[in-house]
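Notes to accompany the following structure.
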Number of protein chains: 4
Amino acid sequence: MLHFDSDYMEGCHPLILEKLSQINYEKNEGYGSDKYCESAIKKIKEACKKPEAKVQFLVGGTQTNSTVIRALLRPSFGVIAADTGHINTHEAGAVEAGGHKVLTIKGTDGKISASQIENYMTAFYADSNWEHEVRPGMVYISHPTEYGTIYSAKELKEIHEVCKKYKMPLFVDGARLGYGLAAHDTDVTLPVLADSCDVFYIGGTKVGALLGEAVIFTDPCLEQDFFTIKKMAGGLLAKGWLIGVQFDILFTDDNYIKISKNAIDTAMVIRDGLAKKGIKTYLDSPTNQQFFLVSNEEEERIHEFTSCGFMEKPDPDHSVIRFCTSWATSMDDVNELLSHF
Amino acid sequence: MLHFDSDYMEGCHPLILEKLSQINYEKNEGYGSDKYCESAIKKIKEACKKPEAKVQFLVGGTQTNSTVIRALLRPSFGVIAADTGHINTHEAGAVEAGGHKVLTIKGTDGKISASQIENYMTAFYADSNWEHEVRPGMVYISHPTEYGTIYSAKELKEIHEVCKKYKMPLFVDGARLGYGLAAHDTDVTLPVLADSCDVFYIGGTKVGALLGEAVIFTDPCLEQDFFTIKKMAGGLLAKGWLIGVQFDILFTDDNYIKISKNAIDTAMVIRDGLAKKGIKTYLDSPTNQQFFLVSNEEEERIHEFTSCGFMEKPDPDHSVIRFCTSWATSMDDVNELLSHF
Amino acid sequence: MLHFDSDYMEGCHPLILEKLSQINYEKNEGYGSDKYCESAIKKIKEACKKPEAKVQFLVGGTQTNSTVIRALLRPSFGVIAADTGHINTHEAGAVEAGGHKVLTIKGTDGKISASQIENYMTAFYADSNWEHEVRPGMVYISHPTEYGTIYSAKELKEIHEVCKKYKMPLFVDGARLGYGLAAHDTDVTLPVLADSCDVFYIGGTKVGALLGEAVIFTDPCLEQDFFTIKKMAGGLLAKGWLIGVQFDILFTDDNYIKISKNAIDTAMVIRDGLAKKGIKTYLDSPTNQQFFLVSNEEEERIHEFTSCGFMEKPDPDHSVIRFCTSWATSMDDVNELLSHF
Amino acid sequence: MLHFDSDYMEGCHPLILEKLSQINYEKNEGYGSDKYCESAIKKIKEACKKPEAKVQFLVGGTQTNSTVIRALLRPSFGVIAADTGHINTHEAGAVEAGGHKVLTIKGTDGKISASQIENYMTAFYADSNWEHEVRPGMVYISHPTEYGTIYSAKELKEIHEVCKKYKMPLFVDGARLGYGLAAHDTDVTLPVLADSCDVFYIGGTKVGALLGEAVIFTDPCLEQDFFTIKKMAGGLLAKGWLIGVQFDILFTDDNYIKISKNAIDTAMVIRDGLAKKGIKTYLDSPTNQQFFLVSNEEEERIHEFTSCGFMEKPDPDHSVIRFCTSWATSMDDVNELLSHF
């Protein structure tokens, strides 16, 4: 049985486990005040070319999204997101549990545009009763999106410009950032991203770490009080060095990008291979999530040899399914998958 | 330089890292639906002799406390705790961030008693305006406490009786539970604890795991909706198997208790050794946290050869300091520590 | 200048001010423990033919909505509402501030249907990941809706059946309830409504009171702890008798319905009068809110002789405007309004 | 039967009811955008000699406290208050429901001092782990306090200085402010108070209004977003003019102070009268709340001719009771009360 369900099925970069074994009896200070965190932060800031940035580590994606949003918004403010955005659909109401409304814009393949945000804001302030309504206080996008799509550098810049116009920080969910950066033909690098938003995170959990997300406040003022808010929100790990070690390794020798490339390479083989075999691509994704439209019978047959993700049923007779690769996916598995079609 | 600051400075039981290396490329389902979690839960329920219990894994202590409390309380209810309780002092307001007040009772060496709770409740309902006030809806204690002390089986039973009388679940914070269970002369075993409360957790982070806490709902009804609430609260790990593997190993061959004993053995040598050398014990702790009252000069001298915890200054000339051992503390370090006195 | 902006522009039923003057120096107990509240509650329960119901008074509509929703939902649950529902659009995020997501269904003229709710629930549980998502825990509708439309008794019953099937309480926002009950040809009476939901409120602020809403828990179990939650939420008035007096008068001699009829009578004259004069009705409302589609030039001209509400711009050249009558609207004003067309 | 339970038993200044009758059919804009609110705000700012201040009206005290605190604090911050402060004891956890911890300082007759706050802050930052704890973000005091005591101008200034030093706004709960301003020998006037804090409120509910509190942001920057937060918190009245009319009258011809004096005059007669008759004063209050220490037998006898407040039982044989006067208390009632002793 093959498994292409998700990108969090395997463990981590083998160097991480090696390092953890080496230092198992080392005594490190708690809560991120250790040398590994210090080194990882230094390397991340260098990779982003943002010496003035502030970096904070958290454990997982939902937690990171809700904690950053809670830290940045005033009580009656809300966060703009695509209707398909992770915070709107798959986080069990974490943002609302923190007191804030998710204000949705209809996404296209998971993305929203600068002009949509501009229109939203224009309409908001055109309503003379806007003071009775939730005020948009920040914008959330994900890169890659939940549909595997990515923004171009130009699109990011344009969104950031609108955000600045309305004094709303732009927050980029990078739970799968490595797979966005490693995509073919993208012009979004870490420094480009860091220049095009106010806060973003580099996902570890889905990209080579056992767990952990690194939040980069490119606007360092936004980081104020964040450590305590993170503690309050349950996102501060006692053994903070555990995340530090992982990001230190991932940001050594370009490991983060290197291992991300494997996910892209394997995904592209799946995409092209299935297309050749006549399986209908649902949308054009350049990253590690590939979506296909299959009939119910085809879906049933697929489940005989592999597990995969289910997205939605556009009609009663068809499903959109997802094949997801990761830094650890083997080309052998991919070839075996293709051999079934 | 020696380190006796805390019990979360080292890594984890070596079998855990070995296992993680073995299964690094295994593909496991996410969010705790894997075979390791299943196996760990089975073993934990057996160790507690509670087949009907429900078990949920979370990442850390503050997160576990606030999530359980949020899940169990009605909106206007509060949680009774010792004034020195961790939720009242060291969690950055996580309980309040979830909407609830911590109602404090003066602790004695970190403990509160059944009669104190009874008195609190009697006074509460004696006030004809009680409906205008925060209603006590559950009781939180820690075992061991923040001062290393432990409850007897009789004390736990008495507290549980009062809680049942007032229909308040009893929640036991076991972030350091192993060190309580392994204490000499305690009559509190896992089954005794499981019979004496409604929900408790077995700490992994401080007792041999890299991270992770196992919450046991001995009253299975209280677990309703908890999975989603945990997700909402940022406590659900994508790679849930990471915690499953660790608890599976810790609850094999009695490992959890075995490694806990090392912390007790080393702590008792420190306690007796320093007492013999005339260092004043601050309070009588049978667990891995040992507290001493030292003069400012003595404290300064101590910091030359070891780091340790600071608790409080009872007067300007003295400090209460803490030496903390763990499952990984070596007797060599302990002997070196004693040699300095 | 005429004013047809809203139904909260005038004071209250004259008998209320008369009574307040009479009893100004009477000393009444605080927080609703007075004889006026007692009498009003008795009359309301009789009018609803629900002797077992529980009644609680609050101050205003947004407050009532958010407090009832907070009291009824478990932490990770959400409330289903029409996308045009007041809680989703005009309450500044009050529901989210209480920790809950508003789950929207596309409304038709402000209404949602039993089959829409059924479909929502079927789709929800069809998703194998539903435990990762906000669970619908109650349904909110308003009667009349924000577009002046009303449900039939059959529609309410059907919605209630679906709610019961999924164990979700049905909550009816009756901020303008009088105007729904007094509508021509409606078959929804107070007892019918009380039989068709689990909790609803009778609006005072917009229907003859200075302020105040009466919440009726037709399922008395749902009222548990509500008094304290109301206090916590800032909805408990120290001079609770102020609301008691008002509802006592409104529920004497059928005053509530009697004064509501005036709003309907005047609204119907506006509706028919403007239709005759060729002004396009935007949707068919049998209550005190009447909506018209006008060109920008017409809108500008209208503002020369009356103020009115603005709803939306369906296209750049037209607006939907609202003429709102109340218990206090005079037929003279209505005739003057019509004379301008 | 006499009634000295509280200061919210009677209605309001008779001019208010007269005015409400006059304007009952006037059509006023909603939500505070009316001429009465405008006029009242102007008069209040003049009375405070603070032209730059911002004024917002809310409905009741608990609501005002929790809304102001929620608006001013960052997520992980808390509010310093006396342990006997209203927000800590009698508000059903409203502050915590908004996500914040109340940090208590032991009060003396309801008051706290600048040096206590200074000591609290010094101790807070002396703890090297302060970033793990709730950070004091504002200070709450009440004037008069829950024990009827008042601050001197010097005490207020000193507290304000400490607050400024630590960049914490000082918030003064003035639910009974009139009775503090009208106290004999006080040097705290409205302008003095306005100069000595960042935000305070003038209580209407307990001082001559049917309902309503006027919040004055003497630091106008703190008012940002408050209107929407107030709406979100259920504190915005649709018929906002109802509060505007009341404060407009109370701040005309010095009515607010004039009617407050009656409460002081009657309270002083009670205080001196009972002292002469040998009833033990519990503490020295110069305002409308007078506290006495009585035996159980005496208490029982008192309840035969008057209702009064109960504060606490210092020992099983005695109670502290409260006689409360108001703007509407008649000297006849006071004399009748005294005649029973």
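Here's how to read the names in the structure tokens: chain A, B, ... by the order shown, residue numbers from 1 in each chain, ligand numbers from 1 in the order shown.
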Next item on the list: Check the DSSP output for the backbone and give back, as a ChimeraX atom specification, the residues of range 204-300 of chain D in helix (DSSP H, G or I).
Entry: /D:220-223,226-232,241-250,255-276,296-300
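Residue list for chain D within 10 Å of chain A: Tyr31, Arg70, Ala71, Leu72, Leu73, Arg74, Pro75, Ser76, Phe77, Gly98, Gly99, Trp130, Glu131, His132, Glu133, Val134, Arg135, Asp225, Phe226, Phe227, Thr228, Ile229, Lys230, Lys231, Met232, Ala233 and Leu236 of chain D, counting only C-alpha atoms.
Put simply, CA of Asn28 in chain C is 19.3 Å away from CA of Asn262 in chain D.
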Next item on the list: Work out how far apart CA of Phe323 in chain D and CA of Gly240 in chain C are and give it in Å to one decimal.
Entry: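 Answer for the CA of Phe323 in chain D to CA of Gly240 in chain C separation: 20.8 Å.
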Notebook entry, point to check: Leaving out Asp173 in chain C and any residue of its chain fewer than 2 positions from it, which residues lie within 9 Å of it when counting only C-alpha atoms, given as a list in words?
Noted result: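 Returned residues: Gly61, Thr64, Asn65, His86, Tyr140, Ile141, Ser142, His143, Pro144, Thr145, Phe171, Ala175, Arg176, Leu177, Val199, Phe200, Tyr201, Ile202 and Gly203 of chain C.
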Mind dumping the selected residues with C-alpha atoms as a short mmCIF file (atom, residue, chain, number, x, y, z; two decimals), in the first residue's frame?
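Result file follows (part.cif):
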```cif
data_model
loop_
_atom_site.label_atom_id
_atom_site.label_comp_id
_atom_site.auth_asym_id
_atom_site.auth_seq_id
_atom_site.Cartn_x
_atom_site.Cartn_y
_atom_site.Cartn_z
CA GLY C 61 -30.03 43.16 20.79
CA THR C 64 -28.59 39.47 23.79
CA ASN C 65 -27.43 37.63 20.70
CA HIS C 86 -27.42 40.47 12.04
CA TYR C 140 -29.77 31.45 14.62
CA ILE C 141 -32.58 33.00 12.60
CA SER C 142 -34.32 36.32 12.97
CA HIS C 143 -38.04 36.89 12.78
CA PRO C 144 -38.65 39.26 11.09
CA THR C 145 -35.35 39.09 9.25
CA PHE C 171 -32.48 30.54 18.63
CA ALA C 175 -35.52 42.25 18.04
CA ARG C 176 -38.49 43.25 15.88
CA LEU C 177 -40.76 40.41 16.93
CA VAL C 199 -34.91 30.11 22.90
CA PHE C 200 -36.07 33.39 21.41
CA TYR C 201 -36.40 36.97 22.45
CA ILE C 202 -39.09 39.58 22.40
CA GLY C 203 -37.60 42.88 21.36
#
```
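CA of Ala114 in chain C is positioned 16.2 Å from CA of Asp195 in chain C.
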Next item on the list: Name the residues in contact with range 269-283 of chain D at a cut-off of 10 Å, using only C-alpha atoms, excluding same-chain residues fewer than 2 positions from it; report them as number ranges by chain.
Entry: D: 109, 147-149, 264-267, 285-286, 288-295, 298, 319-325, 331, 334-335, 337-339, 341
For the residues in that selection, give me N, CA and C atoms as a tab-separated table (two decimals), in the first residue's frame.
```
chain	number	residue	atom	x	y	z
D	109	ASP	N	-9.05	49.28	53.61
D	109	ASP	CA	-10.35	49.96	53.51
D	109	ASP	C	-10.68	50.24	52.03
D	147	TYR	N	-15.64	50.36	49.83
D	147	TYR	CA	-15.84	50.57	51.26
D	147	TYR	C	-16.14	52.04	51.57
D	148	GLY	N	-16.51	52.77	50.53
D	148	GLY	CA	-16.94	54.15	50.76
D	148	GLY	C	-15.82	55.13	50.94
D	149	THR	N	-14.59	54.64	50.98
D	149	THR	CA	-13.45	55.54	51.21
D	149	THR	C	-13.06	56.25	49.91
D	264	ILE	N	-24.73	62.38	50.83
D	264	ILE	CA	-23.71	62.61	51.86
D	264	ILE	C	-24.36	63.12	53.14
D	265	ASP	N	-25.25	64.10	53.00
D	265	ASP	CA	-25.89	64.68	54.19
D	265	ASP	C	-26.61	63.61	54.99
D	266	THR	N	-27.39	62.79	54.30
D	266	THR	CA	-28.14	61.76	55.02
D	266	THR	C	-27.20	60.70	55.60
D	267	ALA	N	-26.14	60.38	54.86
D	267	ALA	CA	-25.20	59.37	55.36
D	267	ALA	C	-24.49	59.86	56.63
D	285	SER	N	-15.91	56.11	56.68
D	285	SER	CA	-16.27	56.43	55.30
D	285	SER	C	-16.91	57.80	55.22
D	286	PRO	N	-16.40	58.67	54.36
D	286	PRO	CA	-16.99	60.01	54.20
D	286	PRO	C	-18.06	60.07	53.11
D	288	ASN	N	-21.48	57.85	50.87
D	288	ASN	CA	-22.86	57.40	51.09
D	288	ASN	C	-23.00	55.97	51.58
D	289	GLN	N	-21.87	55.26	51.71
D	289	GLN	CA	-21.92	53.90	52.26
D	289	GLN	C	-21.34	53.94	53.68
D	290	GLN	N	-22.13	53.48	54.64
D	290	GLN	CA	-21.68	53.50	56.04
D	290	GLN	C	-21.72	52.07	56.58
D	291	PHE	N	-20.60	51.66	57.17
D	291	PHE	CA	-20.44	50.27	57.62
D	291	PHE	C	-20.40	50.19	59.14
D	292	PHE	N	-21.12	49.20	59.67
D	292	PHE	CA	-21.18	49.05	61.12
D	292	PHE	C	-20.96	47.59	61.51
D	293	LEU	N	-20.35	47.42	62.66
D	293	LEU	CA	-20.12	46.09	63.18
D	293	LEU	C	-21.19	45.80	64.23
D	294	VAL	N	-22.00	44.78	63.98
D	294	VAL	CA	-23.10	44.49	64.90
D	294	VAL	C	-23.10	43.00	65.27
D	295	SER	N	-23.65	42.74	66.45
D	295	SER	CA	-23.78	41.34	66.87
D	295	SER	C	-24.91	40.68	66.08
D	298	GLU	N	-28.26	41.88	67.27
D	298	GLU	CA	-28.52	43.24	66.79
D	298	GLU	C	-28.91	43.21	65.31
D	319	SER	N	-21.46	40.66	62.43
D	319	SER	CA	-21.52	40.94	60.99
D	319	SER	C	-21.14	42.39	60.74
D	320	VAL	N	-20.60	42.64	59.55
D	320	VAL	CA	-20.44	44.01	59.09
D	320	VAL	C	-21.62	44.28	58.14
D	321	ILE	N	-22.41	45.29	58.49
D	321	ILE	CA	-23.56	45.63	57.64
D	321	ILE	C	-23.35	47.02	57.03
D	322	ARG	N	-24.08	47.26	55.97
D	322	ARG	CA	-23.93	48.53	55.27
D	322	ARG	C	-25.26	49.26	55.16
D	323	PHE	N	-25.27	50.53	55.57
D	323	PHE	CA	-26.42	51.39	55.28
D	323	PHE	C	-26.00	52.29	54.12
D	324	CYS	N	-26.80	52.27	53.09
D	324	CYS	CA	-26.44	53.01	51.88
D	324	CYS	C	-27.50	54.07	51.60
D	325	THR	N	-27.07	55.29	51.42
D	325	THR	CA	-28.01	56.35	51.05
D	325	THR	C	-27.83	56.67	49.57
D	331	MET	N	-34.64	62.53	54.49
D	331	MET	CA	-34.20	62.69	55.87
D	331	MET	C	-35.22	62.07	56.82
D	334	VAL	N	-34.24	58.59	57.31
D	334	VAL	CA	-33.05	58.53	58.15
D	334	VAL	C	-33.44	58.70	59.62
D	335	ASN	N	-34.28	59.65	59.87
D	335	ASN	CA	-34.69	59.87	61.26
D	335	ASN	C	-35.45	58.67	61.80
D	337	LEU	N	-35.03	55.66	60.84
D	337	LEU	CA	-34.01	54.63	61.08
D	337	LEU	C	-33.36	54.83	62.44
D	338	LEU	N	-32.93	56.05	62.69
D	338	LEU	CA	-32.22	56.33	63.94
D	338	LEU	C	-33.13	56.09	65.15
D	339	SER	N	-34.42	56.35	64.98
D	339	SER	CA	-35.35	56.21	66.11
D	339	SER	C	-35.43	54.78	66.62
D	341	PHE	N	-32.92	52.87	67.18
D	341	PHE	CA	-31.74	52.51	67.97
D	341	PHE	C	-31.79	53.17	69.33
```
As a CSV table (one decimal) with C-alpha atoms, in the first residue's frame, please: every residue in range 232-329 of chain A that DSSP puts in strand (DSSP E or B).
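Result file part.csv:
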```csv
chain,number,residue,atom,x,y,z
A,280,LYS,CA,-7.7,15.1,-15.4
A,281,THR,CA,-5.6,17.7,-13.5
A,289,GLN,CA,0.2,19.0,-3.7
A,290,GLN,CA,-1.3,17.7,-6.9
A,291,PHE,CA,-5.1,17.6,-7.4
A,292,PHE,CA,-7.0,15.4,-9.8
A,293,LEU,CA,-10.6,15.0,-10.8
A,294,VAL,CA,-11.6,11.4,-10.9
A,295,SER,CA,-14.9,9.5,-11.2
A,306,THR,CA,-2.7,4.0,-2.3
A,307,SER,CA,-4.1,6.3,0.3
A,308,CYS,CA,-4.5,9.9,-0.7
A,309,GLY,CA,-6.3,13.1,0.3
A,310,PHE,CA,-9.9,14.0,-0.5
A,311,MET,CA,-10.8,17.6,-1.2
A,312,GLU,CA,-14.4,17.9,-2.4
A,313,LYS,CA,-17.0,16.5,-4.6
A,314,PRO,CA,-17.8,18.9,-7.5
A,315,ASP,CA,-20.7,16.7,-8.5
A,318,HIS,CA,-16.7,12.8,-9.2
A,319,SER,CA,-14.2,13.7,-6.5
A,320,VAL,CA,-11.2,15.9,-6.3
A,321,ILE,CA,-8.4,14.0,-4.8
A,322,ARG,CA,-4.9,15.1,-3.7
A,323,PHE,CA,-1.6,13.3,-4.1
A,324,CYS,CA,0.9,14.9,-1.7
```
Note to self: Would you pick out the contacts of Lys42 in chain D at 12 Å or less, using only C-alpha atoms, so that residues sharing its chain but fewer than 3 positions from it are not included, and give the list as a list of chain:residue names?
What the structure shows: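 Listing them by chain and then by number gives D:Lys35, D:Tyr36, D:Cys37, D:Glu38, D:Ser39, D:Lys45, D:Glu46, D:Ala47, D:Cys48, D:Lys49, D:Lys50, D:Pro51, D:Glu52, D:Ala53, D:Lys54, D:Val55, D:Gln56, D:Ile216, D:Gly244, D:Phe247, D:Asp248, D:Phe251, D:Thr252.
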Neighbours of Leu210 in chain C within 6 Å (only C-alpha atoms; same-chain residues fewer than 2 positions away dropped), as a PDB file with N, CA and C atoms, in the first residue's frame?
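Result file result-v7.pdb:
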```pdb
ATOM      1  N   GLY C  11     -39.251  57.435  21.667  1.00  0.00           N
ATOM      2  CA  GLY C  11     -39.144  56.959  23.040  1.00  0.00           C
ATOM      3  C   GLY C  11     -39.850  55.639  23.303  1.00  0.00           C
ATOM      4  N   CYS C  12     -40.972  55.714  24.015  1.00  0.00           N
ATOM      5  CA  CYS C  12     -41.626  54.473  24.425  1.00  0.00           C
ATOM      6  C   CYS C  12     -43.131  54.697  24.589  1.00  0.00           C
ATOM      7  N   THR C 205     -36.622  47.263  22.662  1.00  0.00           N
ATOM      8  CA  THR C 205     -35.988  48.498  22.197  1.00  0.00           C
ATOM      9  C   THR C 205     -36.660  49.053  20.940  1.00  0.00           C
TER      10      THR C 205
END
```
Notebook entry, point to check: Residues at most 8 Å from Ala328 in chain A, counting only C-alpha atoms, excluding those fewer than 3 positions away in the same chain, as a ChimeraX atom specification?
Noted result: /A:10,208,259,262-263,325 /B:25
Next item on the list: Give the answer as one residue: which of C:Met121, C:Met138, C:Ala182, C:Val192 has the shortest atom-to-atom distance to Pro169 in chain C, using only C-alpha atoms?
Entry: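 Ranked by minimum distance to Pro169 in chain C, first place goes to C:Met138.
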